[in-house]
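Participant: Take this structure, written in structure tokens, and hold onto it; I'll ask about it next.
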Amino acid sequence: MGPSSALTSLPPLSLYVHVPWCVRKCPYCDFNSHELKNEVPEREYLDALQADLEQALPLIWGRQVISIFIGGGTPSLLSASALDEMLAMFRALLNLLPDAEITMEANPGTVEAGRFTDYAASGVNRMSLGIQSFDDAALKALGRVHDARQARAAIEIAQRSVDRVNLDLMYALPGQSVEACANDLRQAMSFQTGHLSLYHLTLEPNTVFAKYPPVVPDDDTSAAMQDLITEATSAGGWEQYEVSAYAKPGQRCLHNLNYWEFGDYLGIGPGAHGKLSFHDRIIRQAKHKNPASWIEKSVRRDGSHISEERVIGPHELGFEFMLNALRLKDGVASGSFKERTGLSLLSIKATVDRARSRGLLEPELGRFRASSLGWRFLNDLQAEFLE
């Protein structure tokens with residue numbers, strides 16, 4: 001960003017916290033997660049997390065934090081006291097909105113579900129449960145460590161503990177039929193949680209599934225599943241507001257909305273990514289992925305725990321903005337482009353005109369929103385802005 005394209009105001013700021021451990025690595029997972037050999041090294045982790053955060057404070061002085069998302073891995077492997085200490089540290093060090101959305105990812109294993117009420121007492125006010133399926137055979141194929149009965153019990157405990165609950169579900173699973181997908185969806189909807197995240201299983205590089213691919217539904221079958229999901233959620237009162245996100249009124253995930261609207265987020269913990277805006281530049285940052293290496297480097301307090309830091313160039317900014325914004329069903333106000341990137345709308349005018357002429361973007365003035373055709377071919381629409 002040159003001096004002529006400075007940001008006049010900074011966007012909302014969120015905090016992402018990565019807890020890297022899992023009981024078992026799932027074969028489809030390409031996140032930075034590591035199987036636990038022993039107990040979670042809570043003391044070392046919390047000390048390193050504090051060191052990581054304190055070294056980042058000069059980058060965000062005075063800015064208010066609107067949301068926290070504790071993801072993983074499996075954050076619910078943390079003891080109630082460790083989570084309590086973590087949130088107390090955030091309140092002490094950050095200018096945290098009093099009613100900030102604080103989401104914690106959790107898995108429905110029996111060990112963790114009992115802790116949900118303690119997590120809520122510490123300040124977690126939104127829980128995101130990795131259910132994936134209510135079919136025991138499907139759960140086994142996905143390498144999950146819980147069964148359908150534990151999933152149902154965990155949802156009920158979460159609903160008693162916090163007001164806002166999200167269920168993560170996957171479809172187009174190995175050998176899954178449209179009927180089986182409908183059955184999973186029906187069970188998920190029966191709990192009437194405020195938010196559903198419904199993901200198409202993808203075989204990501206560097207995963208067990210990429211090496212040993214299972215037989216998954218063909219494109220026609222998975223398209224039929226997608227149509228079924230769109231219709232059933234809409235009829236049940238959940239509005240699809242993003243590619244994979246469905247919410248009841250007032251239940252959208254504020255943290256994820258901030259990502260999609262090209263807001264800022266500080267990432268702390270092993271492998272955590274961040275995007276931070278300053279008046280003259282926007283940077284991306286990543287922390288060391290290996291938990292032991294991140295712990296060791298973080299507590300040195302010499303910046304060596306940061307594995308990557310770079311300024312996003314003007315030619316990338318338009319693409320990055322649209323990559324996020326066009327995932328929203330309603331799109332974004334066109335004015336937010338300049339507000340969030342510092343660039344003139346003229347810098348993307350030719351691409352916008354082309355996408356509109358191809359029928360991929362709605363022609364409405366004052367808004368960037370994918371048309372129904374653009375929504376169906378979203379990757380193609382986003383790729384237009386790469387050039």
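The chains in the structure tokens are called A, B, ... from first to last as shown; in each chain the residues are counted from 1, and the ligands are counted from 1 in the order shown.
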Taking 2 positions as the minimum chain separation for residues in the same chain, which residues sit within 9 Å of A:Val23 when counting only C-alpha atoms? Answer as an mmCIF file with C-alpha atoms, in the first residue's frame.

Facilitator:
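What follows is the written file out-v7.cif:
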data_model
loop_
_atom_site.group_PDB
_atom_site.id
_atom_site.type_symbol
_atom_site.label_atom_id
_atom_site.label_comp_id
_atom_site.auth_asym_id
_atom_site.auth_seq_id
_atom_site.Cartn_x
_atom_site.Cartn_y
_atom_site.Cartn_z
ATOM 1 C CA TRP A 21 -3.518 -31.260 20.492
ATOM 2 C CA LYS A 25 -5.619 -37.188 14.201
ATOM 3 C CA HIS A 34 -0.925 -33.262 16.869
ATOM 4 C CA GLU A 35 -1.826 -36.510 18.649
ATOM 5 C CA LEU A 36 -1.307 -36.334 22.379
ATOM 6 C CA LYS A 37 1.189 -38.847 23.650
ATOM 7 C CA GLY A 73 -6.878 -29.360 17.566
ATOM 8 C CA THR A 74 -9.258 -30.065 20.402
ATOM 9 C CA LEU A 77 -8.802 -31.205 26.119
ATOM 10 C CA VAL A 145 -13.249 -40.834 18.719
#

Participant: Where in stretch 168-290 of chain A does DSSP assign alpha helix (DSSP H), given as an MDAnalysis selection string?

Facilitator: chainID A and resid 178:190 208:211 219:236 254:260

Participant: Apply DSSP to the structure's backbone, then extract all residues of stretch 116-237 of chain A labelled strand (DSSP E or B) and return them as a ChimeraX atom specification.

Facilitator: /A:126-132,164-171,195-200

Participant: For A:Asp330, which of A:Arg300, A:Arg115, A:His146, A:Arg367 is the closest residue, counting only C-alpha atoms?

Facilitator: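 Looking at the shortest contact to A:Asp330, the residue is A:Arg367.
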
Participant: Identify which of the residues A:Ile131, A:Ile348, A:Leu326, A:Cys181 lies closest to A:Ser371, counting only C-alpha atoms when measuring atom-to-atom distances.

Facilitator: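 Of A:Ile131, A:Ile348, A:Leu326, A:Cys181, the one nearest A:Ser371 is A:Leu326, counting only C-alpha atoms.
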
Participant: Neighbours of stretch 87-98 of chain A within 9 Å (only C-alpha atoms; same-chain residues fewer than 2 positions away dropped), as a PyMOL selection string?

Facilitator: chain A and resi 50+53-54+57+61-67+82-85+100-101+122-124

Participant: Excluding same-chain residues fewer than 2 positions from A:Ser344, what lies within 12 Å of it counting only C-alpha atoms, as a PDB file with N, CA, C and O atoms, in the first residue's frame?

Facilitator:
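Below is the file that was written, out_3.pdb:
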ATOM      1  N   MET A   1       0.841  -1.202   0.000  1.00  0.00           N
ATOM      2  CA  MET A   1       0.000   0.000   0.000  1.00  0.00           C
ATOM      3  C   MET A   1       0.873   1.247   0.000  1.00  0.00           C
ATOM      4  O   MET A   1       1.719   1.400   0.874  1.00  0.00           O
ATOM      5  N   GLY A   2       0.664   2.088  -0.972  1.00  0.00           N
ATOM      6  CA  GLY A   2       1.433   3.326  -1.042  1.00  0.00           C
ATOM      7  C   GLY A   2       0.785   4.376  -0.167  1.00  0.00           C
ATOM      8  O   GLY A   2      -0.315   4.197   0.344  1.00  0.00           O
ATOM      9  N   SER A   4      -0.646   6.988  -0.980  1.00  0.00           N
ATOM     10  CA  SER A   4      -1.905   7.491  -1.543  1.00  0.00           C
ATOM     11  C   SER A   4      -3.080   6.577  -1.195  1.00  0.00           C
ATOM     12  O   SER A   4      -4.223   6.933  -1.390  1.00  0.00           O
ATOM     13  N   SER A   5      -2.774   5.369  -0.720  1.00  0.00           N
ATOM     14  CA  SER A   5      -3.869   4.439  -0.454  1.00  0.00           C
ATOM     15  C   SER A   5      -3.899   4.023   1.014  1.00  0.00           C
ATOM     16  O   SER A   5      -4.057   2.852   1.325  1.00  0.00           O
ATOM     17  N   ALA A   6      -3.666   4.988   1.890  1.00  0.00           N
ATOM     18  CA  ALA A   6      -3.646   4.672   3.321  1.00  0.00           C
ATOM     19  C   ALA A   6      -5.048   4.363   3.827  1.00  0.00           C
ATOM     20  O   ALA A   6      -6.038   4.840   3.283  1.00  0.00           O
ATOM     21  N   LEU A   7      -5.112   3.554   4.877  1.00  0.00           N
ATOM     22  CA  LEU A   7      -6.403   3.273   5.512  1.00  0.00           C
ATOM     23  C   LEU A   7      -6.773   4.459   6.385  1.00  0.00           C
ATOM     24  O   LEU A   7      -5.942   4.965   7.141  1.00  0.00           O
ATOM     25  N   PRO A 314      -0.380  -4.605  -2.950  1.00  0.00           N
ATOM     26  CA  PRO A 314      -1.626  -4.060  -3.515  1.00  0.00           C
ATOM     27  C   PRO A 314      -2.276  -5.012  -4.524  1.00  0.00           C
ATOM     28  O   PRO A 314      -3.495  -5.134  -4.587  1.00  0.00           O
ATOM     29  N   LEU A 317      -4.238  -7.612  -2.599  1.00  0.00           N
ATOM     30  CA  LEU A 317      -5.298  -7.158  -1.689  1.00  0.00           C
ATOM     31  C   LEU A 317      -6.697  -7.309  -2.279  1.00  0.00           C
ATOM     32  O   LEU A 317      -7.618  -7.749  -1.592  1.00  0.00           O
ATOM     33  N   GLY A 318      -6.850  -6.956  -3.560  1.00  0.00           N
ATOM     34  CA  GLY A 318      -8.167  -7.054  -4.202  1.00  0.00           C
ATOM     35  C   GLY A 318      -8.664  -8.486  -4.194  1.00  0.00           C
ATOM     36  O   GLY A 318      -9.826  -8.761  -3.854  1.00  0.00           O
ATOM     37  N   SER A 334     -19.984  -2.022  -1.454  1.00  0.00           N
ATOM     38  CA  SER A 334     -18.777  -1.758  -2.244  1.00  0.00           C
ATOM     39  C   SER A 334     -17.840  -0.760  -1.555  1.00  0.00           C
ATOM     40  O   SER A 334     -16.626  -0.820  -1.721  1.00  0.00           O
ATOM     41  N   GLY A 335     -18.417   0.128  -0.735  1.00  0.00           N
ATOM     42  CA  GLY A 335     -17.589   1.099  -0.008  1.00  0.00           C
ATOM     43  C   GLY A 335     -16.603   0.446   0.951  1.00  0.00           C
ATOM     44  O   GLY A 335     -15.560   1.018   1.274  1.00  0.00           O
ATOM     45  N   SER A 336     -16.940  -0.768   1.407  1.00  0.00           N
ATOM     46  CA  SER A 336     -16.034  -1.420   2.364  1.00  0.00           C
ATOM     47  C   SER A 336     -14.732  -1.865   1.698  1.00  0.00           C
ATOM     48  O   SER A 336     -13.747  -2.137   2.372  1.00  0.00           O
ATOM     49  N   PHE A 337     -14.710  -1.925   0.352  1.00  0.00           N
ATOM     50  CA  PHE A 337     -13.475  -2.308  -0.342  1.00  0.00           C
ATOM     51  C   PHE A 337     -12.368  -1.294  -0.056  1.00  0.00           C
ATOM     52  O   PHE A 337     -11.272  -1.643   0.375  1.00  0.00           O
ATOM     53  N   LYS A 338     -12.678  -0.023  -0.263  1.00  0.00           N
ATOM     54  CA  LYS A 338     -11.668   1.021  -0.005  1.00  0.00           C
ATOM     55  C   LYS A 338     -11.366   1.112   1.482  1.00  0.00           C
ATOM     56  O   LYS A 338     -10.213   1.250   1.906  1.00  0.00           O
ATOM     57  N   GLU A 339     -12.424   0.994   2.269  1.00  0.00           N
ATOM     58  CA  GLU A 339     -12.277   1.100   3.728  1.00  0.00           C
ATOM     59  C   GLU A 339     -11.327   0.035   4.286  1.00  0.00           C
ATOM     60  O   GLU A 339     -10.511   0.304   5.161  1.00  0.00           O
ATOM     61  N   ARG A 340     -11.432  -1.201   3.750  1.00  0.00           N
ATOM     62  CA  ARG A 340     -10.648  -2.316   4.305  1.00  0.00           C
ATOM     63  C   ARG A 340      -9.316  -2.561   3.595  1.00  0.00           C
ATOM     64  O   ARG A 340      -8.437  -3.203   4.153  1.00  0.00           O
ATOM     65  N   THR A 341      -9.172  -2.101   2.334  1.00  0.00           N
ATOM     66  CA  THR A 341      -7.919  -2.356   1.611  1.00  0.00           C
ATOM     67  C   THR A 341      -7.095  -1.088   1.399  1.00  0.00           C
ATOM     68  O   THR A 341      -5.891  -1.162   1.145  1.00  0.00           O
ATOM     69  N   GLY A 342      -7.736   0.078   1.485  1.00  0.00           N
ATOM     70  CA  GLY A 342      -7.035   1.330   1.191  1.00  0.00           C
ATOM     71  C   GLY A 342      -6.904   1.593  -0.298  1.00  0.00           C
ATOM     72  O   GLY A 342      -6.333   2.584  -0.722  1.00  0.00           O
ATOM     73  N   LEU A 346     -11.436   1.820  -8.464  1.00  0.00           N
ATOM     74  CA  LEU A 346     -10.994   1.782  -9.866  1.00  0.00           C
ATOM     75  C   LEU A 346     -10.030   0.620 -10.105  1.00  0.00           C
ATOM     76  O   LEU A 346      -9.943   0.088 -11.209  1.00  0.00           O
ATOM     77  N   SER A 347      -9.305   0.214  -9.036  1.00  0.00           N
ATOM     78  CA  SER A 347      -8.297  -0.851  -9.203  1.00  0.00           C
ATOM     79  C   SER A 347      -8.937  -2.196  -9.557  1.00  0.00           C
ATOM     80  O   SER A 347      -8.269  -3.084 -10.070  1.00  0.00           O
ATOM     81  N   ILE A 348     -10.248  -2.356  -9.259  1.00  0.00           N
ATOM     82  CA  ILE A 348     -10.904  -3.630  -9.596  1.00  0.00           C
ATOM     83  C   ILE A 348     -12.072  -3.433 -10.573  1.00  0.00           C
ATOM     84  O   ILE A 348     -12.788  -4.378 -10.872  1.00  0.00           O
ATOM     85  N   LYS A 349     -12.217  -2.197 -11.057  1.00  0.00           N
ATOM     86  CA  LYS A 349     -13.389  -1.891 -11.896  1.00  0.00           C
ATOM     87  C   LYS A 349     -13.493  -2.805 -13.118  1.00  0.00           C
ATOM     88  O   LYS A 349     -14.553  -3.357 -13.418  1.00  0.00           O
TER      89      LYS A 349
END

Participant: Of the residues A:Pro363, A:Pro291, A:Pro249, A:Gly175, which is the one nearest to A:Gly271, using only C-alpha atoms?

Facilitator: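 The closest residue to A:Gly271 is A:Pro291.
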
Participant: Excluding A:Arg149 and its own-chain neighbours fewer than 5 positions away, which residues fall within 9 Å of it when counting only C-alpha atoms? Please give them as a PyMOL selection string.

Facilitator: chain A and resi 134+136+154

Participant: A:Ala121, A:Leu198, A:Gly374, A:Gly130: which is nearest A:Arg160, counting only C-alpha atoms?

Facilitator: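 Nearest to A:Arg160: A:Ala121.
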
Participant: List the spatial neighbours of A:Asp220 as a list of chain:residue names - criterion: any atom at most 12 Å away, only C-alpha atoms, same-chain residues fewer than 4 positions off excluded.

Facilitator: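 So, after excluding close chain neighbours, the residues are A:Ala172, A:Ser177, A:Val178, A:Val216, A:Ala224, A:Met225, A:Gln226, A:Asp227.
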
Participant: Point out the residue among A:Ser244, A:Gly143, A:Leu10, A:Thr202 with the least atom-to-atom distance to A:Asn256, counting only C-alpha atoms.

Facilitator: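 Closest residue, counting only C-alpha atoms: A:Ser244.
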
Participant: Please, which residues in stretch 308-372 of chain A fall within 6 Å of stretch 279-285 of chain A when counting only C-alpha atoms, and what is the closest atom pair and distance in Å to one decimal for each, ordered by chain then residue number, as CSV?

Facilitator:
residue,atom,partner,partner_atom,distance
A:Glu308,CA,A:Gln285,CA,5.5
A:Glu309,CA,A:Gln285,CA,4.4
A:Arg310,CA,A:Ile283,CA,5.5
A:Val311,CA,A:Ile283,CA,4.3
A:Ile312,CA,A:Ile283,CA,5.7

Participant: How many Å lie between atom CA of A:Lys248 and atom CA of A:Thr233, rounded to one decimal?

Facilitator: 9.6 Å

Participant: From the options A:Val40, A:Val165, A:Leu328, A:Ala153, which residue's atoms come nearest to A:Val243, counting only C-alpha atoms?

Facilitator: A:Leu328

Participant: For A:Ala232, find every residue with an atom within 12 Å (counting only C-alpha atoms), except residues of its own chain fewer than 6 positions away, and show them as a PDB file with N, CA and C atoms, in the first residue's frame.

Facilitator:
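Final output, saved to selection19.pdb:
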ATOM      1  N   CYS A 181     -27.486 -38.619   4.362  1.00  0.00           N
ATOM      2  CA  CYS A 181     -27.202 -37.192   4.585  1.00  0.00           C
ATOM      3  C   CYS A 181     -28.442 -36.508   5.177  1.00  0.00           C
ATOM      4  N   ALA A 182     -29.615 -36.826   4.615  1.00  0.00           N
ATOM      5  CA  ALA A 182     -30.872 -36.242   5.099  1.00  0.00           C
ATOM      6  C   ALA A 182     -31.117 -36.632   6.552  1.00  0.00           C
ATOM      7  N   ASN A 183     -30.784 -37.858   6.889  1.00  0.00           N
ATOM      8  CA  ASN A 183     -30.981 -38.347   8.256  1.00  0.00           C
ATOM      9  C   ASN A 183     -30.066 -37.601   9.239  1.00  0.00           C
ATOM     10  N   ASP A 184     -28.790 -37.402   8.847  1.00  0.00           N
ATOM     11  CA  ASP A 184     -27.850 -36.629   9.673  1.00  0.00           C
ATOM     12  C   ASP A 184     -28.378 -35.212   9.906  1.00  0.00           C
ATOM     13  N   LEU A 185     -28.834 -34.604   8.818  1.00  0.00           N
ATOM     14  CA  LEU A 185     -29.313 -33.231   8.884  1.00  0.00           C
ATOM     15  C   LEU A 185     -30.548 -33.126   9.771  1.00  0.00           C
ATOM     16  N   ARG A 186     -31.449 -34.085   9.620  1.00  0.00           N
ATOM     17  CA  ARG A 186     -32.674 -34.097  10.426  1.00  0.00           C
ATOM     18  C   ARG A 186     -32.324 -34.154  11.916  1.00  0.00           C
ATOM     19  N   GLN A 187     -31.380 -35.023  12.259  1.00  0.00           N
ATOM     20  CA  GLN A 187     -30.999 -35.145  13.669  1.00  0.00           C
ATOM     21  C   GLN A 187     -30.334 -33.863  14.179  1.00  0.00           C
ATOM     22  N   ALA A 188     -29.468 -33.268  13.346  1.00  0.00           N
ATOM     23  CA  ALA A 188     -28.803 -32.020  13.750  1.00  0.00           C
ATOM     24  C   ALA A 188     -29.835 -30.917  13.987  1.00  0.00           C
ATOM     25  N   MET A 189     -30.804 -30.817  13.061  1.00  0.00           N
ATOM     26  CA  MET A 189     -31.812 -29.763  13.162  1.00  0.00           C
ATOM     27  C   MET A 189     -32.755 -29.981  14.345  1.00  0.00           C
ATOM     28  N   SER A 190     -32.908 -31.220  14.764  1.00  0.00           N
ATOM     29  CA  SER A 190     -33.856 -31.517  15.849  1.00  0.00           C
ATOM     30  C   SER A 190     -33.437 -30.846  17.167  1.00  0.00           C
ATOM     31  N   MET A 225     -27.204 -33.511  -2.366  1.00  0.00           N
ATOM     32  CA  MET A 225     -27.097 -33.284  -0.910  1.00  0.00           C
ATOM     33  C   MET A 225     -27.110 -31.789  -0.602  1.00  0.00           C
ATOM     34  N   GLN A 226     -26.363 -31.018  -1.406  1.00  0.00           N
ATOM     35  CA  GLN A 226     -26.306 -29.568  -1.201  1.00  0.00           C
ATOM     36  C   GLN A 226     -27.699 -28.948  -1.371  1.00  0.00           C
ATOM     37  N   TRP A 238     -33.211 -21.687   9.456  1.00  0.00           N
ATOM     38  CA  TRP A 238     -31.805 -21.275   9.424  1.00  0.00           C
ATOM     39  C   TRP A 238     -31.532 -20.605   8.083  1.00  0.00           C
ATOM     40  N   GLU A 239     -30.926 -19.437   8.125  1.00  0.00           N
ATOM     41  CA  GLU A 239     -30.609 -18.736   6.879  1.00  0.00           C
ATOM     42  C   GLU A 239     -29.158 -19.007   6.506  1.00  0.00           C
ATOM     43  N   GLN A 240     -28.928 -19.411   5.262  1.00  0.00           N
ATOM     44  CA  GLN A 240     -27.549 -19.583   4.807  1.00  0.00           C
ATOM     45  C   GLN A 240     -26.980 -18.197   4.565  1.00  0.00           C
ATOM     46  N   TYR A 246     -25.019 -21.517   8.434  1.00  0.00           N
ATOM     47  CA  TYR A 246     -26.479 -21.354   8.472  1.00  0.00           C
ATOM     48  C   TYR A 246     -26.853 -20.910   9.885  1.00  0.00           C
TER      49      TYR A 246
END
